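Pasted below: my_file-v1.cif, mmCIF, C-alpha atoms.
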data_model
#
loop_
_atom_site.label_atom_id
_atom_site.label_comp_id
_atom_site.auth_asym_id
_atom_site.auth_seq_id
_atom_site.Cartn_x
_atom_site.Cartn_y
_atom_site.Cartn_z
CA PRO R 8 -8.26 13.34 4.83
CA ASP R 9 -5.11 11.83 6.18
CA ARG R 10 -4.64 8.91 3.86
CA ALA R 11 -2.87 9.26 0.55
CA HIS R 12 -4.83 10.64 -2.40
CA THR R 13 -3.68 10.25 -5.95
CA LYS R 14 -4.36 11.76 -9.33
CA PRO R 15 -4.03 9.32 -12.21
CA MET R 16 -0.93 9.40 -14.40
CA GLY R 17 -2.84 7.91 -17.29
CA ASN R 18 -4.46 4.58 -18.15
CA LYS R 19 -2.23 1.70 -19.07
CA GLN R 20 -3.01 0.43 -22.58
CA GLY R 21 0.00 -1.86 -22.91
CA LYS R 22 3.69 -1.69 -22.20
CA GLU R 23 5.70 0.78 -24.18
CA LYS R 24 9.04 -0.76 -24.88
CA GLY R 25 12.10 1.40 -24.78
CA GLY R 26 11.85 4.20 -27.29
CA ALA R 27 13.61 5.40 -30.40
CA LYS R 28 17.31 4.72 -30.12
CA GLY R 29 19.77 7.32 -31.13
CA SER R 30 23.41 6.73 -31.84
CA GLY R 31 26.74 7.79 -30.42
CA ASN R 32 25.92 10.08 -27.49
CA ASP R 33 22.75 8.14 -26.61
CA GLU R 34 24.75 5.08 -25.57
CA ALA R 35 25.30 6.56 -22.12
CA LYS R 36 21.55 6.65 -21.63
CA GLU R 37 21.05 2.96 -22.37
CA PRO R 38 21.48 1.71 -18.76
CA VAL R 39 18.84 4.22 -17.60
CA GLN R 40 16.50 3.27 -20.45
CA LYS R 41 16.91 -0.40 -19.59
CA GLU R 42 16.08 0.28 -15.94
CA VAL R 43 13.00 2.27 -16.98
CA THR R 44 11.85 -0.61 -19.18
CA LYS R 45 12.48 -3.17 -16.42
CA LEU R 46 10.50 -1.13 -13.91
CA SER R 47 7.67 -0.75 -16.41
CA GLU R 48 7.55 -4.53 -16.84
CA LYS R 49 7.58 -5.06 -13.06
CA THR R 50 4.87 -2.50 -12.28
CA SER R 51 1.60 -1.24 -13.70
CA TYR R 52 3.29 1.84 -15.18
CA THR R 53 4.10 2.46 -18.84
CA THR R 54 7.67 3.36 -19.76
CA LYS R 55 6.53 6.96 -20.28
CA GLU R 56 5.09 7.08 -16.76
CA VAL R 57 8.28 5.59 -15.29
CA GLY R 58 10.18 8.24 -17.25
CA ASP R 59 7.98 10.93 -15.71
CA LEU R 60 8.74 9.55 -12.24
CA LEU R 61 12.44 9.57 -13.12
CA LYS R 62 12.25 13.31 -13.91
CA ILE R 63 10.58 13.98 -10.56
CA PHE R 64 13.13 11.83 -8.75
CA LYS R 65 16.15 13.44 -10.44
CA SER R 66 14.92 16.99 -9.83
CA LEU R 67 14.80 16.33 -6.08
CA ALA R 68 17.85 14.07 -5.79
CA LYS R 69 20.15 16.60 -7.44
CA GLN R 70 19.29 19.12 -4.71
CA THR R 71 21.58 17.14 -2.41
CA PRO R 72 25.04 17.04 -4.06
CA SER R 73 26.36 14.64 -1.41
CA ALA R 74 23.61 12.12 -2.27
CA PRO R 75 22.59 12.78 -5.90
CA ASN R 76 21.08 9.33 -6.51
CA VAL R 77 18.61 9.13 -3.64
CA ILE R 78 15.72 11.02 -2.06
CA LEU R 79 16.03 12.02 1.58
CA LYS R 80 13.23 11.69 4.12
CA SER R 81 12.91 15.48 4.17
CA GLN R 82 12.18 15.41 0.41
CA PHE R 83 9.69 12.54 0.45
CA LYS R 84 6.54 14.62 0.92
CA GLU R 85 7.48 16.82 -2.04
CA ALA R 86 8.29 13.77 -4.18
CA LEU R 87 4.87 12.27 -3.47
CA ALA R 88 3.15 15.57 -4.18
CA GLU R 89 4.95 15.93 -7.51
CA ALA R 90 3.76 12.42 -8.41
CA GLY R 91 0.17 13.25 -7.46
CA ILE R 92 -0.08 11.87 -3.91
CA THR R 93 -0.83 14.23 -1.02
CA VAL R 94 0.06 13.10 2.50
CA GLU R 95 -0.18 15.67 5.29
CA ASN R 96 0.04 13.51 8.41
CA GLY R 97 3.61 13.36 9.68
CA THR R 98 3.36 9.99 11.43
CA TYR R 99 1.83 8.31 8.40
CA LEU R 100 4.31 10.03 6.06
CA SER R 101 7.26 8.75 8.09
CA ALA R 102 5.87 5.21 8.19
CA LEU R 103 5.21 5.30 4.44
CA PHE R 104 8.79 6.44 3.79
CA ASP R 105 10.09 3.50 5.81
CA ALA R 106 7.84 1.16 3.81
CA PHE R 107 9.34 2.49 0.55
CA ASP R 108 12.89 2.20 1.94
CA LYS R 109 13.30 -1.55 1.38
CA ASN R 110 17.09 -1.44 1.80
CA GLU R 111 16.75 0.33 5.16
CA THR R 112 19.35 2.96 4.25
CA GLY R 113 17.34 5.95 5.45
CA THR R 114 17.06 7.10 1.83
CA ILE R 115 15.04 6.02 -1.22
CA ASP R 116 16.65 5.17 -4.53
CA PHE R 117 14.83 5.35 -7.87
CA ARG R 118 13.87 1.67 -7.94
CA GLU R 119 12.40 1.86 -4.43
CA PHE R 120 10.52 5.02 -5.39
CA VAL R 121 8.87 3.49 -8.46
CA LEU R 122 8.02 0.18 -6.77
CA GLY R 123 6.58 2.01 -3.77
CA MET R 124 4.55 4.38 -5.91
CA SER R 125 3.19 1.47 -7.93
CA ALA R 126 2.13 -0.47 -4.83
CA ALA R 127 0.53 2.62 -3.29
CA SER R 128 -1.39 3.85 -6.31
CA ARG R 129 -2.01 0.86 -8.59
CA GLY R 130 -1.03 -2.19 -6.65
CA THR R 131 -2.46 -5.68 -6.79
CA ALA R 132 -4.20 -7.12 -3.74
CA ARG R 133 -0.97 -8.44 -2.26
CA GLU R 134 0.94 -5.21 -3.00
CA LYS R 135 -1.66 -2.98 -1.34
CA ILE R 136 -2.00 -5.21 1.68
CA GLY R 137 1.77 -5.61 1.87
CA LEU R 138 2.42 -1.88 1.80
CA SER R 139 -0.18 -1.15 4.50
CA PHE R 140 1.36 -3.95 6.61
CA GLU R 141 4.77 -2.29 6.34
CA VAL R 142 3.29 1.08 7.35
CA TYR R 143 1.85 -0.46 10.52
CA ASP R 144 5.12 -2.32 11.18
CA VAL R 145 6.80 0.80 12.52
CA ASP R 146 9.92 -0.89 13.92
CA ASN R 147 10.35 -3.10 10.82
CA THR R 148 10.30 -6.45 12.61
CA GLY R 149 8.03 -8.20 10.12
CA LYS R 150 5.23 -8.22 12.70
CA ILE R 151 2.67 -5.69 13.93
CA THR R 152 2.17 -5.02 17.63
CA GLN R 153 -1.03 -3.63 19.13
CA LYS R 154 0.84 -0.45 20.06
CA GLU R 155 2.03 0.05 16.47
CA MET R 156 -1.46 -0.38 15.03
CA GLU R 157 -2.91 1.95 17.67
CA THR R 158 -0.25 4.59 16.95
CA ILE R 159 -1.01 4.71 13.22
CA LEU R 160 -4.80 4.59 13.62
CA VAL R 161 -4.83 7.28 16.33
CA SER R 162 -2.51 9.54 14.34
CA VAL R 163 -4.58 9.23 11.18
CA ALA R 164 -7.87 9.71 13.05
CA ASN R 165 -6.59 12.79 14.90
CA HIS R 166 -5.35 14.37 11.68
CA GLU R 167 -8.65 13.76 9.89
CA ARG R 168 -10.59 15.24 12.83
CA LYS R 169 -8.30 18.28 12.80
CA VAL R 170 -8.81 18.81 9.07
CA GLN R 171 -12.57 18.54 9.54
CA GLY R 172 -12.51 20.90 12.51
CA GLY R 173 -13.71 18.24 14.93
CA GLU R 174 -12.61 17.07 18.34
CA VAL R 175 -9.71 14.71 19.03
CA ALA R 176 -10.49 11.10 18.11
CA ASP R 177 -11.68 8.71 20.82
CA HIS R 178 -8.49 6.81 21.65
CA THR R 179 -10.40 4.40 23.90
CA ALA R 180 -12.60 3.28 21.01
CA ILE R 181 -9.57 2.81 18.75
CA ARG R 182 -7.74 0.78 21.39
CA ALA R 183 -10.86 -1.38 21.82
CA PHE R 184 -11.04 -1.94 18.07
CA VAL R 185 -7.36 -2.94 17.90
CA ALA R 186 -7.82 -5.29 20.86
CA GLN R 187 -10.76 -6.88 19.03
CA VAL R 188 -8.68 -7.34 15.87
CA PHE R 189 -5.84 -8.98 17.79
CA LYS R 190 -8.18 -11.20 19.82
CA LYS R 191 -9.74 -12.58 16.64
CA PHE R 192 -6.80 -12.73 14.23
CA ASP R 193 -3.72 -13.30 16.41
CA MET R 194 -4.01 -17.02 15.71
CA ARG R 195 -0.68 -17.86 17.38
CA LYS R 196 -1.60 -15.91 20.52
CA ASN R 197 1.82 -14.22 20.67
CA ASN R 198 0.50 -10.63 20.84
CA VAL R 199 1.65 -9.71 17.32
CA LEU R 200 0.17 -10.06 13.83
CA SER R 201 2.29 -11.81 11.23
CA PHE R 202 1.61 -11.03 7.57
CA ASP R 203 -0.74 -13.98 7.06
CA GLU R 204 -2.68 -13.03 10.19
CA TYR R 205 -2.86 -9.43 9.02
CA VAL R 206 -4.21 -10.59 5.63
CA ARG R 207 -7.10 -12.29 7.38
CA ALA R 208 -7.73 -9.24 9.53
CA VAL R 209 -7.75 -6.79 6.63
CA MET R 210 -10.01 -8.96 4.51
CA ASN R 211 -12.61 -8.86 7.26
CA HIS R 212 -11.93 -5.23 8.27
CA PRO R 213 -11.14 -3.66 4.84
CA ASN R 214 -10.82 -0.16 6.30
CA LEU R 215 -7.54 -1.21 7.96
CA VAL R 216 -5.94 -0.69 4.54
CA ASP R 217 -7.23 2.89 4.70
CA PHE R 218 -5.80 3.15 8.26
CA LYS R 219 -9.29 3.54 9.69
CA SER R 220 -10.72 1.78 12.74
CA ASP R 221 -14.17 1.07 11.34
CA LEU R 222 -15.76 -1.66 13.49
CA THR R 223 -18.07 -2.84 10.70
CA ILE R 224 -17.38 -6.43 9.68
CA LEU R 225 -17.60 -7.08 5.97
CA GLU R 226 -20.55 -9.33 5.11
CA GLU R 227 -18.88 -11.85 2.85
CA PRO R 228 -21.06 -13.29 0.08
CA PRO R 229 -20.32 -17.01 -0.34
CA LEU R 230 -18.67 -18.17 -3.55
CA PRO R 231 -20.71 -20.52 -5.77
CA ALA R 232 -19.84 -24.17 -5.18
CA ASP R 233 -18.66 -24.59 -8.76
CA LYS R 234 -16.56 -21.39 -8.74
CA LYS R 235 -13.00 -22.07 -9.78
CA VAL R 236 -10.38 -20.10 -7.87
CA SER R 237 -7.37 -19.47 -10.05
CA ASN R 238 -3.95 -17.98 -9.42
CA ARG R 239 -4.86 -14.80 -11.25
CA THR R 240 -3.42 -11.48 -10.20
CA ALA R 241 -5.77 -8.77 -9.07
CA VAL R 242 -6.70 -6.51 -11.95
CA SER R 243 -8.16 -3.61 -9.99
CA LYS R 244 -6.18 -0.38 -10.36
CA SER R 245 -7.81 1.68 -7.60
CA SER R 246 -5.77 4.54 -6.17
CA ALA R 247 -3.86 4.46 -2.93
CA PHE R 248 -5.79 3.35 0.13
CA GLY R 249 -9.28 4.41 -0.81
CA GLY R 250 -8.35 7.60 -2.65
CA GLY R 251 -9.38 6.28 -6.07
CA GLU R 252 -12.47 5.36 -8.02
CA ILE R 253 -13.83 2.66 -5.68
CA SER R 254 -13.60 1.95 -1.97
CA PHE R 255 -11.44 -0.89 -0.75
CA LYS R 256 -14.57 -2.60 0.61
CA ASP R 257 -16.15 -2.57 -2.86
CA TRP R 258 -12.84 -3.72 -4.29
CA VAL R 259 -12.92 -6.77 -1.99
CA LYS R 260 -16.39 -7.63 -3.28
CA ILE R 261 -15.12 -7.33 -6.85
CA GLY R 262 -12.25 -9.61 -5.86
CA LEU R 263 -14.70 -12.26 -4.71
CA ASP R 264 -16.66 -11.96 -7.93
CA ASN R 265 -13.52 -12.30 -10.04
CA GLY R 266 -11.99 -15.17 -8.10
CA TYR R 267 -8.75 -13.65 -6.85
CA LEU R 268 -10.21 -13.52 -3.35
CA GLN R 269 -12.04 -16.41 -1.75
CA VAL R 270 -14.00 -17.36 1.36
CA ASP R 271 -12.11 -19.54 3.82
CA ASN R 272 -14.24 -21.38 6.38
CA GLN R 273 -11.39 -22.74 8.50
CA ASP R 274 -11.40 -22.60 12.30
CA SER R 275 -15.23 -22.55 12.34
CA ASN R 276 -15.07 -18.91 11.24
CA LYS R 277 -15.59 -17.25 7.90
CA TYR R 278 -12.68 -15.26 6.48
CA ILE R 279 -11.87 -13.68 3.15
CA VAL R 280 -8.37 -14.49 1.90
CA ILE R 281 -6.28 -14.02 -1.23
CA ALA R 282 -6.84 -16.92 -3.62
CA LYS R 283 -3.77 -19.12 -4.08
#

Written as structure tokens, how would this file's structure read?
Amino acid sequence: PDRAHTKPMGNKQGKEKGGAKGSGNDEAKEPVQKEVTKLSEKTSYTTKEVGDLLKIFKSLAKQTPSAPNVILKSQFKEALAEAGITVENGTYLSALFDAFDKNETGTIDFREFVLGMSAASRGTAREKIGLSFEVYDVDNTGKITQKEMETILVSVANHERKVQGGEVADHTAIRAFVAQVFKKFDMRKNNVLSFDEYVRAVMNHPNLVDFKSDLTILEEPPLPADKKVSNRTAVSKSSAFGGGEISFKDWVKIGLDNGYLQVDNQDSNKYIVIAK
């Protein structure tokens, strides 16, 4: 299928701090080791796993002498594949690259690579939703237009049909689905989805995070009246966009059970939102 698929880099059993320090010649490595440790603390990766990503990153970056500290767009597919994520669809790959490229330089540095990989493969609720939002936001305006959402959904659907040997996806049905999403969740009626509007949309159409136009509305089980909603971070470590152990729809249900998602009954409608 078109969406990203990952193979696990190992289960996190606790943060590994630094490593054995040498003396003399090892001093030059200290800034790199510190960065590895910082990225481990900021993500769901161990220091060993960040080190493994560093090796992948360096092996590709050094292939371009004029830019030895970054990965180019032409190298991104290979970098993902080396890290265990396969993306074949060109449109989705390009949008994912732009989502990783936070500094908008047209290249990806090591920090951007690790943070992007973490969000894609092991992210919290907000990280996963945030990354998918940035993929849809093709022109990087901080908002999603109907055309942008249609472009990504059509591209992904066409690629999946091609892989399966089927016919071209029904663009009319996808456009109708997108129109339905915007009609219901464009609360400001300005023909774009802001991030908070997109959160509501994706919590009621979980397959949007998988870049699928499934019209099925999630049946949200109500939370018990005495259920306390805390500020806890999502603990699920499912792989990127449905490629892991559980589906995103099941993950949402787990989120409700664990209290980091909640039912919001505002506007006379029922929504599922991230607990604050």

- Explicit residue set for the PyMOL selection byres ((chain R and resi 84) around 9), as an MDAnalysis selection string: chainID R and resid 80:83 85:89 92:95 100 104

On this file, the PyMOL selection byres ((chain R and resi 46) around 12) gives some set of residues; write that set as a PDB file with C-alpha atoms, keeping the file's coordinate frame.
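Final output, expr.pdb:
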ATOM      1  CA  LYS R  22       3.690  -1.690 -22.200  1.00  0.00           C
ATOM      2  CA  GLU R  23       5.700   0.780 -24.180  1.00  0.00           C
ATOM      3  CA  LYS R  24       9.040  -0.760 -24.880  1.00  0.00           C
ATOM      4  CA  GLY R  25      12.100   1.400 -24.780  1.00  0.00           C
ATOM      5  CA  VAL R  39      18.840   4.220 -17.600  1.00  0.00           C
ATOM      6  CA  GLN R  40      16.500   3.270 -20.450  1.00  0.00           C
ATOM      7  CA  LYS R  41      16.910  -0.400 -19.590  1.00  0.00           C
ATOM      8  CA  GLU R  42      16.080   0.280 -15.940  1.00  0.00           C
ATOM      9  CA  VAL R  43      13.000   2.270 -16.980  1.00  0.00           C
ATOM     10  CA  THR R  44      11.850  -0.610 -19.180  1.00  0.00           C
ATOM     11  CA  LYS R  45      12.480  -3.170 -16.420  1.00  0.00           C
ATOM     12  CA  SER R  47       7.670  -0.750 -16.410  1.00  0.00           C
ATOM     13  CA  GLU R  48       7.550  -4.530 -16.840  1.00  0.00           C
ATOM     14  CA  LYS R  49       7.580  -5.060 -13.060  1.00  0.00           C
ATOM     15  CA  THR R  50       4.870  -2.500 -12.280  1.00  0.00           C
ATOM     16  CA  SER R  51       1.600  -1.240 -13.700  1.00  0.00           C
ATOM     17  CA  TYR R  52       3.290   1.840 -15.180  1.00  0.00           C
ATOM     18  CA  THR R  53       4.100   2.460 -18.840  1.00  0.00           C
ATOM     19  CA  THR R  54       7.670   3.360 -19.760  1.00  0.00           C
ATOM     20  CA  LYS R  55       6.530   6.960 -20.280  1.00  0.00           C
ATOM     21  CA  GLU R  56       5.090   7.080 -16.760  1.00  0.00           C
ATOM     22  CA  VAL R  57       8.280   5.590 -15.290  1.00  0.00           C
ATOM     23  CA  GLY R  58      10.180   8.240 -17.250  1.00  0.00           C
ATOM     24  CA  LEU R  60       8.740   9.550 -12.240  1.00  0.00           C
ATOM     25  CA  LEU R  61      12.440   9.570 -13.120  1.00  0.00           C
ATOM     26  CA  PHE R 117      14.830   5.350  -7.870  1.00  0.00           C
ATOM     27  CA  ARG R 118      13.870   1.670  -7.940  1.00  0.00           C
ATOM     28  CA  GLU R 119      12.400   1.860  -4.430  1.00  0.00           C
ATOM     29  CA  PHE R 120      10.520   5.020  -5.390  1.00  0.00           C
ATOM     30  CA  VAL R 121       8.870   3.490  -8.460  1.00  0.00           C
ATOM     31  CA  LEU R 122       8.020   0.180  -6.770  1.00  0.00           C
ATOM     32  CA  GLY R 123       6.580   2.010  -3.770  1.00  0.00           C
ATOM     33  CA  MET R 124       4.550   4.380  -5.910  1.00  0.00           C
ATOM     34  CA  SER R 125       3.190   1.470  -7.930  1.00  0.00           C
TER      35      SER R 125
END

- Query: Which of these residues is nearest to Ser101 (chain R), using all atoms listed in the file: R:Ser73, R:Ser162, R:Thr148, R:Asn198?
  - Reply: R:Ser162

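Straight-line separation from CA of Lys62 (chain R) to CA of Val142 (chain R): 26.1 Å.
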
- Message: For Gly137 (chain R), find every residue with an atom within 9 Å (counting all atoms listed in the file), except residues of its own chain fewer than 3 positions away, and show them as number ranges by chain.
- Response: R: 126, 132-134, 140-142, 202, 206

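Atom pair CA of Ser201 (chain R) / CA of Thr152 (chain R) has a distance of 9.3 Å (rounded to one decimal).
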
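Atom pair CA of Glu204 (chain R) / CA of Arg182 (chain R): separated by 18.5 Å.
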
I'd like the neighbourhood of Ala74 (chain R) as a compact mmCIF listing (two decimals) with C-alpha atoms, in the frame of the given file, where a residue qualifies if any of its atoms comes within 12 Å (using all atoms listed in the file), though same-chain residues fewer than 2 positions away should be ignored.
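Generated file (around-v7.txt):
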# COMPACT_ATOMS: atom_id res chain seq x y z
CA LYS R 65 16.15 13.44 -10.44
CA LEU R 67 14.80 16.33 -6.08
CA ALA R 68 17.85 14.07 -5.79
CA LYS R 69 20.15 16.60 -7.44
CA GLN R 70 19.29 19.12 -4.71
CA THR R 71 21.58 17.14 -2.41
CA PRO R 72 25.04 17.04 -4.06
CA ASN R 76 21.08 9.33 -6.51
CA VAL R 77 18.61 9.13 -3.64
CA ILE R 78 15.72 11.02 -2.06
CA LEU R 79 16.03 12.02 1.58
CA GLY R 113 17.34 5.95 5.45
CA THR R 114 17.06 7.10 1.83
CA ILE R 115 15.04 6.02 -1.22
CA ASP R 116 16.65 5.17 -4.53

- Message: Given the PyMOL selection byres ((chain R and resi 159) around 10) and the file above, list the residues it selects as a list in words.
- Response: Thr98, Tyr99, Ala102, Val142, Tyr143, Asp144, Val145, Lys154, Glu155, Met156, Glu157, Thr158, Leu160, Val161, Ser162, Val163, Ala164, Asn165, Phe218 and Lys219 of chain R
